[in-house]
Amino acid sequence: MITTFCRRWVNARWFQHGILLVILLAAVVVGLETSPQMVSRWGGVLHAADRIIVGIFVAELLLRLGAHGRRWWEFFRDPWNVFDAAVVVVCLLPMQVQFGAVLRLARVLRVLRLVTALPGLQILVVALLKSIPSMGYVGVLLGLHFYVYAVIGVFS
């Protein structure tokens, strides 16, 4: 019963669009927090918005886990789900620790959740990651090209 409820919510188009909107809102909030003037004037509002956004992300993660039912561990078989979970966990880490500035900067990772929210971007990212080994060959080809023209330039 709970699994069906979670699946229905997670698969609903309005839910997916809502999460996309929250990701964009998170990007705006993080961007606004880079301005000292905005923080001095609206710091309390920005901090409250940040906490609400993190709460929504946690709720979304729990719903997506709940959609897997008793086989919740299957959620972690998808690398994109692992990425989403890692981003949410980083957002939950306390910011008053010694490396708080680094953890605050890691909040920018929330913007990268757009990749998991938009399947078209997932395809593009996977294609780019698969092309990285071939980039070495492109570098070798360019090096040969520059070498040949350098030699030609010396003898001309």
# chains A, B, ... in the order shown; residues from 1 in each chain; ligands from 1
$ residues_around --residues "segment 59-68 of chain A" --least-positions-apart "3" --cutoff "9 Å" --atoms "only C-alpha atoms" --output "VMD selection string"
chain A and resid 2 to 10 19 54 to 56 71 to 76 81 84 to 85 88
$ residues_around --residues "Arg113 of chain A" --least-positions-apart "4" --cutoff "12 Å" --atoms "only C-alpha atoms" --output "short mmCIF file (atom, residue, chain, number, x, y, z; two decimals) with N, CA and C atoms, in the first residue's frame"
data_model
loop_
_atom_site.label_atom_id
_atom_site.label_comp_id
_atom_site.auth_asym_id
_atom_site.auth_seq_id
_atom_site.Cartn_x
_atom_site.Cartn_y
_atom_site.Cartn_z
N ILE A 19 9.96 18.83 -8.46
CA ILE A 19 11.34 18.60 -8.02
C ILE A 19 12.30 19.39 -8.90
N LEU A 20 12.03 19.43 -10.19
CA LEU A 20 12.85 20.22 -11.09
C LEU A 20 12.83 21.70 -10.69
N LEU A 21 11.66 22.18 -10.33
CA LEU A 21 11.52 23.56 -9.87
C LEU A 21 12.30 23.80 -8.58
N VAL A 22 12.26 22.84 -7.66
CA VAL A 22 12.99 22.97 -6.39
C VAL A 22 14.50 22.98 -6.65
N ILE A 23 14.96 22.17 -7.60
CA ILE A 23 16.39 22.16 -7.95
C ILE A 23 16.81 23.53 -8.48
N LEU A 24 15.98 24.10 -9.35
CA LEU A 24 16.27 25.44 -9.88
C LEU A 24 16.24 26.49 -8.77
N LEU A 25 15.29 26.36 -7.86
CA LEU A 25 15.22 27.28 -6.72
C LEU A 25 16.47 27.15 -5.84
N ALA A 26 16.93 25.92 -5.65
CA ALA A 26 18.16 25.71 -4.87
C ALA A 26 19.34 26.40 -5.53
N ALA A 27 19.39 26.35 -6.87
CA ALA A 27 20.48 27.02 -7.59
C ALA A 27 20.41 28.52 -7.37
N PHE A 57 14.17 17.75 -0.53
CA PHE A 57 15.05 16.74 -1.12
C PHE A 57 15.04 15.45 -0.31
N TRP A 80 22.62 7.06 -10.87
CA TRP A 80 22.03 8.38 -10.72
C TRP A 80 21.35 8.51 -9.36
N ASN A 81 20.74 7.43 -8.88
CA ASN A 81 20.12 7.45 -7.55
C ASN A 81 21.19 7.58 -6.47
N VAL A 82 22.31 6.89 -6.65
CA VAL A 82 23.42 6.99 -5.70
C VAL A 82 23.93 8.44 -5.67
N PHE A 83 24.04 9.05 -6.84
CA PHE A 83 24.48 10.45 -6.91
C PHE A 83 23.50 11.35 -6.16
N ASP A 84 22.20 11.18 -6.41
CA ASP A 84 21.20 11.99 -5.72
C ASP A 84 21.28 11.81 -4.21
N ALA A 85 21.42 10.56 -3.77
CA ALA A 85 21.51 10.29 -2.33
C ALA A 85 22.75 10.93 -1.73
N ALA A 86 23.87 10.88 -2.44
CA ALA A 86 25.11 11.49 -1.95
C ALA A 86 24.96 13.00 -1.83
N VAL A 87 24.31 13.63 -2.80
CA VAL A 87 24.10 15.08 -2.74
C VAL A 87 23.24 15.44 -1.53
N VAL A 88 22.20 14.67 -1.29
CA VAL A 88 21.32 14.95 -0.15
C VAL A 88 22.08 14.75 1.16
N ARG A 107 27.33 22.31 -1.63
CA ARG A 107 25.89 22.47 -1.86
C ARG A 107 25.59 22.81 -3.31
N VAL A 108 26.58 23.33 -4.00
CA VAL A 108 26.40 23.63 -5.41
C VAL A 108 26.08 22.35 -6.19
N LEU A 109 26.47 21.20 -5.63
CA LEU A 109 26.16 19.93 -6.28
C LEU A 109 24.66 19.73 -6.49
N ALA A 117 17.32 14.79 -13.12
CA ALA A 117 15.91 15.13 -13.32
C ALA A 117 15.52 15.18 -14.79
N LEU A 118 16.49 15.37 -15.65
CA LEU A 118 16.22 15.47 -17.09
C LEU A 118 16.90 14.31 -17.82
N PRO A 119 16.13 13.33 -18.29
CA PRO A 119 16.72 12.15 -18.95
C PRO A 119 17.59 12.50 -20.15
N LEU A 121 19.61 15.00 -20.46
CA LEU A 121 20.94 15.35 -19.95
C LEU A 121 21.70 14.11 -19.50
N GLN A 122 20.99 13.12 -18.98
CA GLN A 122 21.64 11.87 -18.57
C GLN A 122 22.31 11.22 -19.77
#
$ select_by_dssp --residues "segment 24-154 of chain A" --states "alpha helix (DSSP H)" --output "ChimeraX atom specification"
/A:24-32,36-66,79-92,100-106,113-117,119-154
$ atom_distance --atom1 "atom CA of Val29 of chain A" --atom2 "atom CA of Trp42 of chain A"
10.6 Å
$ atom_distance --atom1 "atom CA of Pro79 of chain A" --atom2 "atom CA of Val115 of chain A"
11.9 Å
$ atom_distance --atom1 "atom CA of Ile123 of chain A" --atom2 "atom CA of Arg77 of chain A"
17.4 Å
